[in-house]
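A.B. asks: Pasting in a structure now, in structure tokens, and then I'll have a few things to ask.
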Amino acid sequence: MIATWDPEATGVLRLPSGRLVRGRGLRRPLPPGPAPVFGLYLLGHEPPAVAWESRWLRWPDFRLPSDRAAAAGALREAWERAGSERVEVACGGGIGRTGTALACLAVLDGVPRGEAVAYVREHYARRAVETPWQRRFVTRFP
């Protein structure tokens, strides 16, 4: 078993189950500390290569994932792996798409769909999940 994140580290969200996931913006430098074991990158274009295992989900800025079935699978994989691995979820700024994805992880972790955005705003970033359609995506997440 690989150690997970330090719960006090920058960008780390603790889900109700105790799983820890790091959200971040790719336009900022990599935070200090250990590297992720797995990264889920939410961008409209393929991200640069990283030294750890990663998955790219095509997700244009201020929009929704291009393939919602692929998004559900990628988010479920991130949630499952966060049980024992350092998982990070990141987009360009670390707020809208990342916040939306983290809210979906909260739903997978048992937070009611209607409360997931508030949960992420309280425990990750108060501006997380930027658009009405991103909020609606969370409330309809499978």
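Ordering of the structure tokens sets the chain letters (A, B, ...); residue numbers start at 1 within each chain; ligands are numbered from 1 in the order shown.
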Write out as a ChimeraX atom specification each polymer residue whose atoms come within 7 Å of Glu130 of chain A, counting only C-alpha atoms; drop sequence neighbours fewer than 3 positions from it.

C.D. replies: /A:96,127,134

A.B. asks: Take the residues just selected and output them with N, CA and C atoms as a compact mmCIF listing (two decimals), in the first residue's frame.

C.D. replies:
# COMPACT_ATOMS: atom_id res chain seq x y z
N GLY A 96 -12.74 25.37 -11.59
CA GLY A 96 -13.99 24.98 -12.23
C GLY A 96 -14.09 23.50 -12.54
N ARG A 127 -14.66 28.98 -4.53
CA ARG A 127 -15.14 29.29 -5.88
C ARG A 127 -15.25 28.05 -6.78
N GLN A 134 -21.91 23.21 -14.85
CA GLN A 134 -21.06 22.33 -14.04
C GLN A 134 -21.79 21.90 -12.77

A.B. asks: Could you give me the residues within segment 73-121 of chain A that DSSP places in strand (DSSP E or B), as a compact mmCIF listing (two decimals) with all heavy atoms, in the first residue's frame?

C.D. replies:
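Saved to selection-v4.txt:
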# COMPACT_ATOMS: atom_id res chain seq x y z
N VAL A 87 -3.71 10.43 -5.38
CA VAL A 87 -4.40 10.78 -6.62
C VAL A 87 -4.56 12.29 -6.66
O VAL A 87 -4.94 12.91 -5.67
CB VAL A 87 -5.80 10.11 -6.68
CG1 VAL A 87 -6.61 10.62 -7.86
CG2 VAL A 87 -5.64 8.59 -6.74
N GLU A 88 -4.25 12.86 -7.83
CA GLU A 88 -4.54 14.29 -8.01
C GLU A 88 -5.46 14.45 -9.20
O GLU A 88 -5.43 13.68 -10.14
CB GLU A 88 -3.27 15.12 -8.17
CG GLU A 88 -2.65 15.16 -9.52
CD GLU A 88 -1.55 16.21 -9.64
OE1 GLU A 88 -1.29 16.97 -8.69
OE2 GLU A 88 -0.95 16.28 -10.72
N VAL A 89 -6.30 15.47 -9.10
CA VAL A 89 -7.21 15.86 -10.16
C VAL A 89 -6.86 17.31 -10.48
O VAL A 89 -6.76 18.13 -9.57
CB VAL A 89 -8.68 15.74 -9.71
CG1 VAL A 89 -9.62 16.23 -10.79
CG2 VAL A 89 -9.00 14.30 -9.33
N ALA A 90 -6.66 17.61 -11.76
CA ALA A 90 -6.20 18.96 -12.08
C ALA A 90 -6.71 19.41 -13.44
O ALA A 90 -6.90 18.62 -14.36
CB ALA A 90 -4.68 19.01 -12.06
N CYS A 91 -6.92 20.73 -13.53
CA CYS A 91 -7.24 21.40 -14.79
C CYS A 91 -6.31 22.62 -14.86
O CYS A 91 -5.38 22.74 -14.07
CB CYS A 91 -8.72 21.79 -14.85
SG CYS A 91 -9.22 23.02 -13.62

A.B. asks: Please list as a ChimeraX atom specification every residue within 8 Å of segment 61-64 of chain A, counting only C-alpha atoms and excluding residues in the same chain fewer than 6 positions away.

C.D. replies: /A:43-44,92,96-97,130-131,133-134,137

A.B. asks: Please measure the separation of atom CA of Arg27 of chain A and atom CA of Gly93 of chain A, giving the value in Å to one decimal.

C.D. replies: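 Computed distance, atom CA of Arg27 of chain A to atom CA of Gly93 of chain A, equals 6.2 Å.
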
A.B. asks: Pick the closest to Ala128 of chain A from A:Gly94, A:Glu77, A:Gly39, A:Ala51: which is it, counting only C-alpha atoms?

C.D. replies: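 Selected residue with least distance to Ala128 of chain A: A:Gly94.
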
A.B. asks: Can you tell me, as a PyMOL selection string, which residues in chain A count as helix (DSSP H, G or I) by DSSP?

C.D. replies: chain A and resi 68-81+96-108+113-123+132-139

A.B. asks: Considering only C-alpha atoms, return as a PyMOL selection string whatever protein or nucleic-acid residues lie within 7 Å of Asp109 of chain A, sequence-local ones (same chain, fewer than 3 positions apart) excluded.

C.D. replies: chain A and resi 15-17+105-106

A.B. asks: Selected residues, C-alpha atoms, written as an mmCIF file, in the first residue's frame, please.

C.D. replies:
data_model
loop_
_atom_site.group_PDB
_atom_site.id
_atom_site.type_symbol
_atom_site.label_atom_id
_atom_site.label_comp_id
_atom_site.auth_asym_id
_atom_site.auth_seq_id
_atom_site.Cartn_x
_atom_site.Cartn_y
_atom_site.Cartn_z
ATOM 1 C CA LEU A 15 -13.804 13.006 1.482
ATOM 2 C CA PRO A 16 -16.235 11.739 4.143
ATOM 3 C CA SER A 17 -14.808 8.199 3.899
ATOM 4 C CA LEU A 105 -15.893 12.201 -6.287
ATOM 5 C CA ALA A 106 -17.785 13.418 -3.216
#

A.B. asks: Rounded to one decimal place, report the atom CA of Glu85 of chain A-atom CA of Arg140 of chain A distance in Å.

C.D. replies: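 Atom CA of Arg140 of chain A lies at a distance of 27.1 Å from atom CA of Glu85 of chain A.
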
A.B. asks: What is the atom CA of Val129 of chain A to atom CA of Arg76 of chain A distance in Å?

C.D. replies: 18.5 Å

A.B. asks: Any idea what's packed within 12 Å of Phe141 of chain A, counting only C-alpha atoms, ignoring anything in its chain fewer than 6 positions away? Could you give it as a ChimeraX atom specification?

C.D. replies: /A:64-65,68-69,71-73,75-76,100-108,111-114,116-117,133-135

A.B. asks: Export C-alpha atoms of the chosen residues as a compact mmCIF listing (two decimals), in the first residue's frame?

C.D. replies:
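Below is the file that was written, out.txt:
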# COMPACT_ATOMS: atom_id res chain seq x y z
CA LEU A 64 -18.39 19.83 -19.49
CA PRO A 65 -16.53 16.64 -20.42
CA ARG A 68 -19.71 11.82 -20.20
CA ALA A 69 -19.41 8.03 -20.08
CA ALA A 71 -15.80 10.98 -17.50
CA ALA A 72 -17.84 8.72 -15.21
CA GLY A 73 -15.32 5.91 -15.70
CA LEU A 75 -13.82 9.70 -11.99
CA ARG A 76 -14.73 6.28 -10.60
CA THR A 100 -16.64 19.80 -10.55
CA ALA A 101 -14.65 16.55 -10.67
CA LEU A 102 -14.01 16.70 -6.91
CA ALA A 103 -17.74 17.22 -6.31
CA CYS A 104 -18.43 14.12 -8.41
CA LEU A 105 -15.89 12.20 -6.29
CA ALA A 106 -17.78 13.42 -3.22
CA VAL A 107 -20.99 11.99 -4.73
CA LEU A 108 -19.22 8.65 -5.27
CA VAL A 111 -22.31 12.97 -0.30
CA PRO A 112 -25.85 13.64 -1.63
CA ARG A 113 -25.74 15.11 -5.16
CA GLY A 114 -27.48 18.29 -4.04
CA ALA A 116 -21.67 17.93 -3.16
CA VAL A 117 -20.87 21.38 -4.59
CA TRP A 133 -23.95 23.66 -16.15
CA GLN A 134 -21.06 22.33 -14.04
CA ARG A 135 -23.30 22.45 -10.95

A.B. asks: Looking at only C-alpha atoms, which of A:Ala3, A:Ala35, A:Leu57, A:Ala118 is the one that sits closest to Leu20 of chain A?

C.D. replies: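 Comparing A:Ala3, A:Ala35, A:Leu57, A:Ala118 against Leu20 of chain A, the winner is A:Ala3.
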
A.B. asks: Identify which of the residues A:Ala82, A:Leu26, A:Leu40, A:Ala74 lies closest to Trp5 of chain A, counting only C-alpha atoms when measuring atom-to-atom distances.

C.D. replies: A:Ala82
